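As provided, start.cif (mmCIF, N, CA and C atoms and all ligand atoms) reads as follows.
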```
data_data
loop_
_atom_site.group_PDB
_atom_site.id
_atom_site.type_symbol
_atom_site.label_atom_id
_atom_site.label_comp_id
_atom_site.auth_asym_id
_atom_site.auth_seq_id
_atom_site.Cartn_x
_atom_site.Cartn_y
_atom_site.Cartn_z
ATOM 1 N N MET J 1 -21.641 10.284 -29.392
ATOM 2 C CA MET J 1 -20.384 10.706 -30.030
ATOM 3 C C MET J 1 -19.265 9.740 -29.662
ATOM 4 N N PRO J 2 -18.752 9.029 -30.650
ATOM 5 C CA PRO J 2 -17.715 8.026 -30.345
ATOM 6 C C PRO J 2 -16.364 8.688 -30.080
ATOM 7 N N THR J 3 -15.696 8.190 -29.099
ATOM 8 C CA THR J 3 -14.374 8.727 -28.787
ATOM 9 C C THR J 3 -13.304 7.715 -29.189
ATOM 10 N N GLU J 4 -12.258 8.247 -29.760
ATOM 11 C CA GLU J 4 -11.154 7.371 -30.153
ATOM 12 C C GLU J 4 -9.997 7.560 -29.187
ATOM 13 N N ILE J 5 -9.523 6.477 -28.675
ATOM 14 C CA ILE J 5 -8.398 6.525 -27.746
ATOM 15 C C ILE J 5 -7.248 5.723 -28.329
ATOM 16 N N LYS J 6 -6.093 6.335 -28.331
ATOM 17 C CA LYS J 6 -4.898 5.667 -28.845
ATOM 18 C C LYS J 6 -4.281 4.837 -27.713
ATOM 19 N N CYS J 7 -3.999 3.595 -27.977
ATOM 20 C CA CYS J 7 -3.394 2.725 -26.979
ATOM 21 C C CYS J 7 -1.945 3.173 -26.733
ATOM 22 N N PRO J 8 -1.595 3.419 -25.488
ATOM 23 C CA PRO J 8 -0.233 3.877 -25.208
ATOM 24 C C PRO J 8 0.821 2.782 -25.391
ATOM 25 N N LYS J 9 0.352 1.547 -25.458
ATOM 26 C CA LYS J 9 1.292 0.425 -25.542
ATOM 27 C C LYS J 9 1.624 0.065 -26.989
ATOM 28 N N CYS J 10 0.566 -0.145 -27.768
ATOM 29 C CA CYS J 10 0.803 -0.577 -29.146
ATOM 30 C C CYS J 10 0.428 0.481 -30.169
ATOM 31 N N GLU J 11 -0.065 1.631 -29.696
ATOM 32 C CA GLU J 11 -0.355 2.783 -30.532
ATOM 33 C C GLU J 11 -1.390 2.495 -31.601
ATOM 34 N N ILE J 12 -2.419 1.741 -31.224
ATOM 35 C CA ILE J 12 -3.529 1.464 -32.126
ATOM 36 C C ILE J 12 -4.735 2.241 -31.632
ATOM 37 N N TRP J 13 -5.457 2.830 -32.573
ATOM 38 C CA TRP J 13 -6.627 3.629 -32.189
ATOM 39 C C TRP J 13 -7.805 2.719 -31.901
ATOM 40 N N ASN J 14 -8.477 2.982 -30.783
ATOM 41 C CA ASN J 14 -9.631 2.188 -30.390
ATOM 42 C C ASN J 14 -10.845 3.084 -30.258
ATOM 43 N N LYS J 15 -11.982 2.605 -30.758
ATOM 44 C CA LYS J 15 -13.198 3.393 -30.736
ATOM 45 C C LYS J 15 -14.088 2.934 -29.603
ATOM 46 N N ASP J 16 -14.385 3.877 -28.692
ATOM 47 C CA ASP J 16 -15.326 3.642 -27.598
ATOM 48 C C ASP J 16 -15.066 2.339 -26.840
ATOM 49 N N SER J 17 -13.857 2.133 -26.485
ATOM 50 C CA SER J 17 -13.532 0.900 -25.789
ATOM 51 C C SER J 17 -12.694 1.202 -24.554
ATOM 52 N N ASP J 18 -12.935 0.431 -23.508
ATOM 53 C CA ASP J 18 -12.173 0.621 -22.279
ATOM 54 C C ASP J 18 -10.832 -0.096 -22.343
ATOM 55 N N TYR J 19 -10.779 -1.112 -23.202
ATOM 56 C CA TYR J 19 -9.533 -1.856 -23.352
ATOM 57 C C TYR J 19 -9.109 -1.870 -24.809
ATOM 58 N N CYS J 20 -7.831 -1.944 -25.050
ATOM 59 C CA CYS J 20 -7.303 -1.991 -26.406
ATOM 60 C C CYS J 20 -7.738 -3.274 -27.102
ATOM 61 N N SER J 21 -8.200 -3.135 -28.342
ATOM 62 C CA SER J 21 -8.673 -4.298 -29.081
ATOM 63 C C SER J 21 -7.507 -5.190 -29.511
ATOM 64 N N ASN J 22 -6.328 -4.635 -29.503
ATOM 65 C CA ASN J 22 -5.157 -5.392 -29.960
ATOM 66 C C ASN J 22 -4.429 -6.091 -28.812
ATOM 67 N N CYS J 23 -4.106 -5.334 -27.768
ATOM 68 C CA CYS J 23 -3.280 -5.909 -26.703
ATOM 69 C C CYS J 23 -3.971 -5.957 -25.350
ATOM 70 N N LYS J 24 -5.240 -5.577 -25.303
ATOM 71 C CA LYS J 24 -6.042 -5.603 -24.077
ATOM 72 C C LYS J 24 -5.498 -4.668 -22.980
ATOM 73 N N HIS J 25 -4.731 -3.704 -23.393
ATOM 74 C CA HIS J 25 -4.234 -2.707 -22.448
ATOM 75 C C HIS J 25 -5.386 -1.797 -22.059
ATOM 76 N N PRO J 26 -5.571 -1.509 -20.763
ATOM 77 C CA PRO J 26 -6.669 -0.618 -20.375
ATOM 78 C C PRO J 26 -6.483 0.791 -20.919
ATOM 79 N N LEU J 27 -7.559 1.344 -21.475
ATOM 80 C CA LEU J 27 -7.486 2.671 -22.093
ATOM 81 C C LEU J 27 -8.239 3.722 -21.298
ATOM 82 N N SER J 28 -9.274 3.286 -20.593
ATOM 83 C CA SER J 28 -10.051 4.241 -19.806
ATOM 84 C C SER J 28 -9.222 4.745 -18.631
ATOM 85 N N PRO J 29 -9.180 6.054 -18.469
ATOM 86 C CA PRO J 29 -8.378 6.598 -17.360
ATOM 87 C C PRO J 29 -8.850 6.095 -16.002
ATOM 88 N N GLU J 30 -10.156 5.829 -15.893
ATOM 89 C CA GLU J 30 -10.688 5.314 -14.619
ATOM 90 C C GLU J 30 -10.146 3.915 -14.338
ATOM 91 N N ILE J 31 -10.118 3.088 -15.356
ATOM 92 C CA ILE J 31 -9.615 1.715 -15.187
ATOM 93 C C ILE J 31 -8.115 1.743 -14.867
ATOM 94 N N ILE J 32 -7.393 2.614 -15.572
ATOM 95 C CA ILE J 32 -5.949 2.725 -15.326
ATOM 96 C C ILE J 32 -5.700 3.174 -13.892
ATOM 97 N N GLU J 33 -6.476 4.163 -13.470
ATOM 98 C CA GLU J 33 -6.330 4.678 -12.100
ATOM 99 C C GLU J 33 -6.710 3.609 -11.086
ATOM 100 N N ASN J 34 -7.760 2.862 -11.414
ATOM 101 C CA ASN J 34 -8.219 1.786 -10.550
ATOM 102 C C ASN J 34 -7.148 0.706 -10.398
ATOM 103 N N ASN J 35 -6.569 0.327 -11.536
ATOM 104 C CA ASN J 35 -5.504 -0.685 -11.528
ATOM 105 C C ASN J 35 -4.313 -0.209 -10.712
ATOM 106 N N ARG J 36 -3.991 1.066 -10.886
ATOM 107 C CA ARG J 36 -2.865 1.641 -10.158
ATOM 108 C C ARG J 36 -3.128 1.571 -8.650
ATOM 109 N N GLU J 37 -4.369 1.883 -8.298
ATOM 110 C CA GLU J 37 -4.766 1.855 -6.887
ATOM 111 C C GLU J 37 -4.676 0.441 -6.331
ATOM 112 N N LEU J 38 -5.106 -0.537 -7.137
ATOM 113 C CA LEU J 38 -5.048 -1.938 -6.719
ATOM 114 C C LEU J 38 -3.599 -2.372 -6.528
ATOM 115 N N GLU J 39 -2.750 -1.963 -7.451
ATOM 116 C CA GLU J 39 -1.321 -2.293 -7.368
ATOM 117 C C GLU J 39 -0.715 -1.724 -6.097
ATOM 118 N N ARG J 40 -1.056 -0.468 -5.843
ATOM 119 C CA ARG J 40 -0.551 0.212 -4.658
ATOM 120 C C ARG J 40 -0.999 -0.532 -3.393
ATOM 121 N N GLU J 41 -2.275 -0.925 -3.396
ATOM 122 C CA GLU J 41 -2.852 -1.625 -2.251
ATOM 123 C C GLU J 41 -2.140 -2.961 -2.038
ATOM 124 N N ALA J 42 -1.883 -3.673 -3.153
ATOM 125 C CA ALA J 42 -1.215 -4.972 -3.069
ATOM 126 C C ALA J 42 0.191 -4.813 -2.514
ATOM 127 N N ARG J 43 0.873 -3.775 -2.972
ATOM 128 C CA ARG J 43 2.231 -3.531 -2.512
ATOM 129 C C ARG J 43 2.230 -3.204 -1.008
ATOM 130 N N ARG J 44 1.221 -2.421 -0.613
ATOM 131 C CA ARG J 44 1.130 -1.998 0.781
ATOM 132 C C ARG J 44 0.907 -3.204 1.693
ATOM 133 N N THR J 45 0.039 -4.112 1.270
ATOM 134 C CA THR J 45 -0.255 -5.274 2.107
ATOM 135 C C THR J 45 0.909 -6.254 2.105
ATOM 136 N N SER J 46 1.662 -6.311 0.997
ATOM 137 C CA SER J 46 2.777 -7.259 0.924
ATOM 138 C C SER J 46 3.955 -6.804 1.773
ATOM 139 N N ILE J 47 4.118 -5.501 1.934
ATOM 140 C CA ILE J 47 5.238 -5.019 2.742
ATOM 141 C C ILE J 47 4.810 -4.704 4.171
ATOM 142 N N LEU J 48 3.559 -5.065 4.501
ATOM 143 C CA LEU J 48 3.085 -4.838 5.863
ATOM 144 C C LEU J 48 3.950 -5.641 6.837
ATOM 145 N N PRO J 49 4.619 -4.976 7.761
ATOM 146 C CA PRO J 49 5.543 -5.696 8.632
ATOM 147 C C PRO J 49 4.821 -6.597 9.625
ATOM 148 N N SER J 50 5.454 -7.696 9.944
ATOM 149 C CA SER J 50 4.874 -8.627 10.899
ATOM 150 C C SER J 50 5.087 -8.103 12.318
ATOM 151 N N ARG J 51 4.507 -8.796 13.273
ATOM 152 C CA ARG J 51 4.571 -8.374 14.658
ATOM 153 C C ARG J 51 6.026 -8.334 15.147
ATOM 154 N N THR J 52 6.806 -9.352 14.802
ATOM 155 C CA THR J 52 8.206 -9.399 15.246
ATOM 156 C C THR J 52 9.018 -8.283 14.605
ATOM 157 N N GLU J 53 8.684 -7.989 13.349
ATOM 158 C CA GLU J 53 9.399 -6.915 12.651
ATOM 159 C C GLU J 53 9.142 -5.567 13.313
ATOM 160 N N ILE J 54 7.881 -5.373 13.729
ATOM 161 C CA ILE J 54 7.527 -4.127 14.424
ATOM 162 C C ILE J 54 8.293 -4.049 15.738
ATOM 163 N N PHE J 55 8.370 -5.195 16.442
ATOM 164 C CA PHE J 55 9.079 -5.241 17.723
ATOM 165 C C PHE J 55 10.555 -4.891 17.529
ATOM 166 N N LEU J 56 11.171 -5.510 16.507
ATOM 167 C CA LEU J 56 12.585 -5.246 16.226
ATOM 168 C C LEU J 56 12.804 -3.795 15.828
ATOM 169 N N LYS J 57 11.858 -3.287 15.054
ATOM 170 C CA LYS J 57 11.978 -1.913 14.600
ATOM 171 C C LYS J 57 11.911 -0.958 15.791
ATOM 172 N N ASN J 58 10.985 -1.258 16.718
ATOM 173 C CA ASN J 58 10.860 -0.419 17.906
ATOM 174 C C ASN J 58 12.127 -0.470 18.753
ATOM 175 N N ARG J 59 12.702 -1.677 18.867
ATOM 176 C CA ARG J 59 13.954 -1.824 19.619
ATOM 177 C C ARG J 59 15.050 -0.994 18.963
ATOM 178 N N LYS J 60 15.105 -1.115 17.638
ATOM 179 C CA LYS J 60 16.108 -0.354 16.885
ATOM 180 C C LYS J 60 15.889 1.137 17.086
ATOM 181 N N GLY J 61 14.610 1.519 17.104
ATOM 182 C CA GLY J 61 14.259 2.918 17.302
ATOM 183 C C GLY J 61 14.714 3.421 18.654
ATOM 184 N N SER J 62 14.543 2.591 19.702
ATOM 185 C CA SER J 62 14.937 3.014 21.039
ATOM 186 C C SER J 62 16.455 3.086 21.141
ATOM 187 N N ARG J 63 17.142 2.150 20.460
ATOM 188 C CA ARG J 63 18.605 2.180 20.449
ATOM 189 C C ARG J 63 19.094 3.441 19.753
ATOM 190 N N TYR J 64 18.418 3.777 18.695
ATOM 191 C CA TYR J 64 18.754 4.988 17.959
ATOM 192 C C TYR J 64 18.539 6.209 18.839
ATOM 193 N N PHE J 65 17.440 6.161 19.601
ATOM 194 C CA PHE J 65 17.129 7.268 20.495
ATOM 195 C C PHE J 65 18.220 7.419 21.554
ATOM 196 N N LEU J 66 18.692 6.272 22.092
ATOM 197 C CA LEU J 66 19.757 6.288 23.107
ATOM 198 C C LEU J 66 21.036 6.883 22.524
ATOM 199 N N LEU J 67 21.355 6.458 21.299
ATOM 200 C CA LEU J 67 22.550 6.995 20.626
ATOM 201 C C LEU J 67 22.423 8.500 20.421
ATOM 202 N N ARG J 68 21.233 8.904 20.038
ATOM 203 C CA ARG J 68 20.969 10.330 19.845
ATOM 204 C C ARG J 68 21.180 11.095 21.143
ATOM 205 N N LEU J 69 20.712 10.476 22.238
ATOM 206 C CA LEU J 69 20.818 11.105 23.559
ATOM 207 C C LEU J 69 22.284 11.265 23.939
ATOM 208 N N ILE J 70 23.076 10.186 23.738
ATOM 209 C CA ILE J 70 24.511 10.228 24.045
ATOM 210 C C ILE J 70 25.184 11.289 23.180
ATOM 211 N N TYR J 71 24.835 11.289 21.917
ATOM 212 C CA TYR J 71 25.405 12.265 20.994
ATOM 213 C C TYR J 71 25.078 13.683 21.455
ATOM 214 N N GLN J 72 23.826 13.857 21.881
ATOM 215 C CA GLN J 72 23.369 15.166 22.339
ATOM 216 C C GLN J 72 24.157 15.619 23.568
ATOM 217 N N ILE J 73 24.373 14.679 24.510
ATOM 218 C CA ILE J 73 25.112 14.986 25.747
ATOM 219 C C ILE J 73 26.559 15.350 25.410
ATOM 220 N N LEU J 74 27.184 14.516 24.581
ATOM 221 C CA LEU J 74 28.575 14.773 24.179
ATOM 222 C C LEU J 74 28.691 16.112 23.465
ATOM 223 N N TYR J 75 27.735 16.370 22.624
ATOM 224 C CA TYR J 75 27.731 17.622 21.878
ATOM 225 C C TYR J 75 27.621 18.809 22.826
ATOM 226 N N THR J 76 26.746 18.686 23.830
ATOM 227 C CA THR J 76 26.556 19.752 24.820
ATOM 228 C C THR J 76 27.828 19.966 25.625
ATOM 229 N N ILE J 77 28.460 18.843 26.058
ATOM 230 C CA ILE J 77 29.716 18.931 26.821
ATOM 231 C C ILE J 77 30.790 19.620 25.980
ATOM 232 N N ALA J 78 30.912 19.186 24.751
ATOM 233 C CA ALA J 78 31.905 19.767 23.851
ATOM 234 C C ALA J 78 31.644 21.258 23.658
ATOM 235 N N PHE J 79 30.385 21.599 23.510
ATOM 236 C CA PHE J 79 30.013 22.999 23.317
ATOM 237 C C PHE J 79 30.402 23.842 24.534
ATOM 238 N N ILE J 80 30.103 23.312 25.741
ATOM 239 C CA ILE J 80 30.443 24.016 26.987
ATOM 240 C C ILE J 80 31.964 24.137 27.109
ATOM 241 N N PHE J 81 32.659 23.036 26.809
ATOM 242 C CA PHE J 81 34.121 23.014 26.884
ATOM 243 C C PHE J 81 34.733 24.078 25.967
ATOM 244 N N ILE J 82 34.228 24.124 24.761
ATOM 245 C CA ILE J 82 34.729 25.109 23.790
ATOM 246 C C ILE J 82 34.410 26.529 24.281
ATOM 247 N N ALA J 83 33.244 26.692 24.873
ATOM 248 C CA ALA J 83 32.841 28.004 25.388
ATOM 249 C C ALA J 83 33.791 28.450 26.501
ATOM 250 N N ILE J 84 34.099 27.524 27.424
ATOM 251 C CA ILE J 84 35.011 27.836 28.527
ATOM 252 C C ILE J 84 36.422 28.111 27.987
ATOM 253 N N ALA J 85 36.869 27.241 27.079
ATOM 254 C CA ALA J 85 38.206 27.367 26.494
ATOM 255 C C ALA J 85 38.359 28.710 25.778
ATOM 256 N N SER J 86 37.336 29.082 25.031
ATOM 257 C CA SER J 86 37.406 30.357 24.309
ATOM 258 C C SER J 86 37.344 31.528 25.290
ATOM 259 N N PHE J 87 36.677 31.332 26.429
ATOM 260 C CA PHE J 87 36.607 32.364 27.453
ATOM 261 C C PHE J 87 38.002 32.594 28.044
ATOM 262 N N PHE J 88 38.705 31.467 28.333
ATOM 263 C CA PHE J 88 40.057 31.582 28.868
ATOM 264 C C PHE J 88 41.005 32.160 27.824
ATOM 265 N N ALA J 89 40.800 31.759 26.598
ATOM 266 C CA ALA J 89 41.616 32.300 25.501
ATOM 267 C C ALA J 89 41.416 33.807 25.425
ATOM 268 N N TYR J 90 40.182 34.216 25.609
ATOM 269 C CA TYR J 90 39.853 35.636 25.591
ATOM 270 C C TYR J 90 40.537 36.345 26.749
ATOM 271 N N LEU J 91 40.512 35.704 27.954
ATOM 272 C CA LEU J 91 41.138 36.291 29.148
ATOM 273 C C LEU J 91 42.643 36.473 28.956
ATOM 274 N N THR J 92 43.293 35.430 28.437
ATOM 275 C CA THR J 92 44.741 35.508 28.256
ATOM 276 C C THR J 92 45.111 36.446 27.115
ATOM 277 N N ALA J 93 44.204 36.622 26.184
ATOM 278 C CA ALA J 93 44.496 37.458 25.032
ATOM 279 C C ALA J 93 44.373 38.942 25.388
ATOM 280 N N THR J 94 43.516 39.254 26.358
ATOM 281 C CA THR J 94 43.350 40.665 26.726
ATOM 282 C C THR J 94 44.570 41.124 27.570
ATOM 283 N N PRO J 95 45.101 42.268 27.305
ATOM 284 C CA PRO J 95 46.325 42.745 27.974
ATOM 285 C C PRO J 95 46.173 42.914 29.484
ATOM 286 N N ASN J 96 45.052 43.380 29.917
ATOM 287 C CA ASN J 96 44.903 43.648 31.341
ATOM 288 C C ASN J 96 44.213 42.503 32.102
ATOM 289 N N GLY J 97 44.107 41.323 31.513
ATOM 290 C CA GLY J 97 43.368 40.251 32.108
ATOM 291 C C GLY J 97 44.081 39.461 33.163
HETATM 292 ZN ZN ZN J 101 -2.812 -1.784 -27.379
#
```
I need this file expressed as structure tokens, please.
Amino acid sequence: MPTEIKCPKCEIWNKDSDYCSNCKHPLSPEIIENNRELEREARRTSILPSRTEIFLKNRKGSRYFLLRLIYQILYTIAFIFIAIASFFAYLTATPNG
């Protein structure tokens, strides 16, 4: 049983063919998926970071971690300060305090 597949690129009907007879665009879903996978693989290998890039990234990561730590400490101090301040505010606000 022959199957007709319409080319998504040039919209020509192709009979039992994996590629378009007009523009050679792949029509088989397996080939399209395969090509997509190959493209993905190529992109992955091309953006693979080099050793120095990994080193720099790790350094940046540790610097970020240090900043996070400082931020966390400051945040904790501020939180405690506000807690104490609100406690004193509460004390002065109460009539019998
Ligand atoms: Zn085509």
Please identify every residue of chain J that has at least one atom no farther than 12 Å from an atom of ligand ZN 101 (chain J), counting only C-alpha atoms and all ligand atoms, and for each give the shortest atom pair and the distance in Å to one decimal, arranged by chain then increasing number, as JSON lines.
```
{"residue": "J:Ile5", "atom": "CA", "partner": "J:ZN101", "partner_atom": "ZN", "distance": 10.0}
{"residue": "J:Lys6", "atom": "CA", "partner": "J:ZN101", "partner_atom": "ZN", "distance": 7.9}
{"residue": "J:Cys7", "atom": "CA", "partner": "J:ZN101", "partner_atom": "ZN", "distance": 4.6}
{"residue": "J:Pro8", "atom": "CA", "partner": "J:ZN101", "partner_atom": "ZN", "distance": 6.6}
{"residue": "J:Lys9", "atom": "CA", "partner": "J:ZN101", "partner_atom": "ZN", "distance": 5.0}
{"residue": "J:Cys10", "atom": "CA", "partner": "J:ZN101", "partner_atom": "ZN", "distance": 4.2}
{"residue": "J:Glu11", "atom": "CA", "partner": "J:ZN101", "partner_atom": "ZN", "distance": 6.1}
{"residue": "J:Ile12", "atom": "CA", "partner": "J:ZN101", "partner_atom": "ZN", "distance": 5.8}
{"residue": "J:Trp13", "atom": "CA", "partner": "J:ZN101", "partner_atom": "ZN", "distance": 8.2}
{"residue": "J:Asn14", "atom": "CA", "partner": "J:ZN101", "partner_atom": "ZN", "distance": 8.4}
{"residue": "J:Ser17", "atom": "CA", "partner": "J:ZN101", "partner_atom": "ZN", "distance": 11.2}
{"residue": "J:Asp18", "atom": "CA", "partner": "J:ZN101", "partner_atom": "ZN", "distance": 10.9}
{"residue": "J:Tyr19", "atom": "CA", "partner": "J:ZN101", "partner_atom": "ZN", "distance": 7.8}
{"residue": "J:Cys20", "atom": "CA", "partner": "J:ZN101", "partner_atom": "ZN", "distance": 4.6}
{"residue": "J:Ser21", "atom": "CA", "partner": "J:ZN101", "partner_atom": "ZN", "distance": 6.6}
{"residue": "J:Asn22", "atom": "CA", "partner": "J:ZN101", "partner_atom": "ZN", "distance": 5.0}
{"residue": "J:Cys23", "atom": "CA", "partner": "J:ZN101", "partner_atom": "ZN", "distance": 4.2}
{"residue": "J:Lys24", "atom": "CA", "partner": "J:ZN101", "partner_atom": "ZN", "distance": 6.0}
{"residue": "J:His25", "atom": "CA", "partner": "J:ZN101", "partner_atom": "ZN", "distance": 5.2}
{"residue": "J:Pro26", "atom": "CA", "partner": "J:ZN101", "partner_atom": "ZN", "distance": 8.1}
{"residue": "J:Leu27", "atom": "CA", "partner": "J:ZN101", "partner_atom": "ZN", "distance": 8.3}
```
Please report the interatomic distance between atom C of Tyr64 of chain J and atom N of Ala78 of chain J in Å with one decimal.
18.9 Å
Quick one: pick out all strand (DSSP E) residues within chain J from a backbone DSSP run and write them as a PyMOL selection string.
chain J and resi 4-6+13-15
Write down as a PyMOL selection string the residues belonging to chain J that are assigned helix (DSSP H, G or I) by DSSP computed on the backbone.
chain J and resi 29-46+51-93
Could you jot down the atom CA of Thr3 of chain J to atom CA of Asp16 of chain J separation for me, Å, one decimal place?
5.3 Å
For segment 42-61 of chain J in the structure I just supplied, write out N, CA and C atoms - as an mmCIF file, in the first residue's frame.
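Ended up saving to result-v9.cif:
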```
data_model
loop_
_atom_site.group_PDB
_atom_site.id
_atom_site.type_symbol
_atom_site.label_atom_id
_atom_site.label_comp_id
_atom_site.auth_asym_id
_atom_site.auth_seq_id
_atom_site.Cartn_x
_atom_site.Cartn_y
_atom_site.Cartn_z
ATOM 1 N N ALA J 42 25.411 17.849 17.524
ATOM 2 C CA ALA J 42 26.433 18.763 17.013
ATOM 3 C C ALA J 42 26.485 20.029 17.853
ATOM 4 N N ARG J 43 25.311 20.524 18.216
ATOM 5 C CA ARG J 43 25.245 21.735 19.016
ATOM 6 C C ARG J 43 25.867 21.488 20.402
ATOM 7 N N ARG J 44 25.577 20.297 20.935
ATOM 8 C CA ARG J 44 26.067 19.956 22.267
ATOM 9 C C ARG J 44 27.594 19.889 22.275
ATOM 10 N N THR J 45 28.164 19.289 21.239
ATOM 11 C CA THR J 45 29.619 19.152 21.196
ATOM 12 C C THR J 45 30.282 20.489 20.901
ATOM 13 N N SER J 46 29.598 21.362 20.148
ATOM 14 C CA SER J 46 30.199 22.653 19.803
ATOM 15 C C SER J 46 30.211 23.600 20.995
ATOM 16 N N ILE J 47 29.243 23.463 21.887
ATOM 17 C CA ILE J 47 29.214 24.353 23.048
ATOM 18 C C ILE J 47 29.848 23.703 24.274
ATOM 19 N N LEU J 48 30.462 22.527 24.062
ATOM 20 C CA LEU J 48 31.130 21.860 25.175
ATOM 21 C C LEU J 48 32.257 22.755 25.695
ATOM 22 N N PRO J 49 32.197 23.155 26.953
ATOM 23 C CA PRO J 49 33.191 24.102 27.450
ATOM 24 C C PRO J 49 34.572 23.476 27.583
ATOM 25 N N SER J 50 35.576 24.286 27.363
ATOM 26 C CA SER J 50 36.944 23.809 27.481
ATOM 27 C C SER J 50 37.337 23.738 28.955
ATOM 28 N N ARG J 51 38.515 23.210 29.205
ATOM 29 C CA ARG J 51 38.984 23.021 30.564
ATOM 30 C C ARG J 51 39.088 24.367 31.295
ATOM 31 N N THR J 52 39.621 25.380 30.622
ATOM 32 C CA THR J 52 39.773 26.695 31.256
ATOM 33 C C THR J 52 38.416 27.322 31.544
ATOM 34 N N GLU J 53 37.476 27.083 30.631
ATOM 35 C CA GLU J 53 36.130 27.630 30.828
ATOM 36 C C GLU J 53 35.466 27.017 32.055
ATOM 37 N N ILE J 54 35.686 25.704 32.221
ATOM 38 C CA ILE J 54 35.132 25.015 33.394
ATOM 39 C C ILE J 54 35.763 25.587 34.657
ATOM 40 N N PHE J 55 37.088 25.823 34.597
ATOM 41 C CA PHE J 55 37.804 26.370 35.752
ATOM 42 C C PHE J 55 37.256 27.751 36.115
ATOM 43 N N LEU J 56 37.087 28.600 35.086
ATOM 44 C CA LEU J 56 36.562 29.948 35.318
ATOM 45 C C LEU J 56 35.141 29.900 35.858
ATOM 46 N N LYS J 57 34.378 28.964 35.315
ATOM 47 C CA LYS J 57 32.996 28.842 35.746
ATOM 48 C C LYS J 57 32.937 28.435 37.217
ATOM 49 N N ASN J 58 33.820 27.493 37.589
ATOM 50 C CA ASN J 58 33.860 27.054 38.981
ATOM 51 C C ASN J 58 34.266 28.195 39.907
ATOM 52 N N ARG J 59 35.241 28.995 39.450
ATOM 53 C CA ARG J 59 35.670 30.153 40.243
ATOM 54 C C ARG J 59 34.505 31.117 40.422
ATOM 55 N N LYS J 60 33.817 31.351 39.307
ATOM 56 C CA LYS J 60 32.659 32.252 39.348
ATOM 57 C C LYS J 60 31.604 31.699 40.294
ATOM 58 N N GLY J 61 31.442 30.375 40.241
ATOM 59 C CA GLY J 61 30.473 29.715 41.105
ATOM 60 C C GLY J 61 30.818 29.891 42.567
#
```
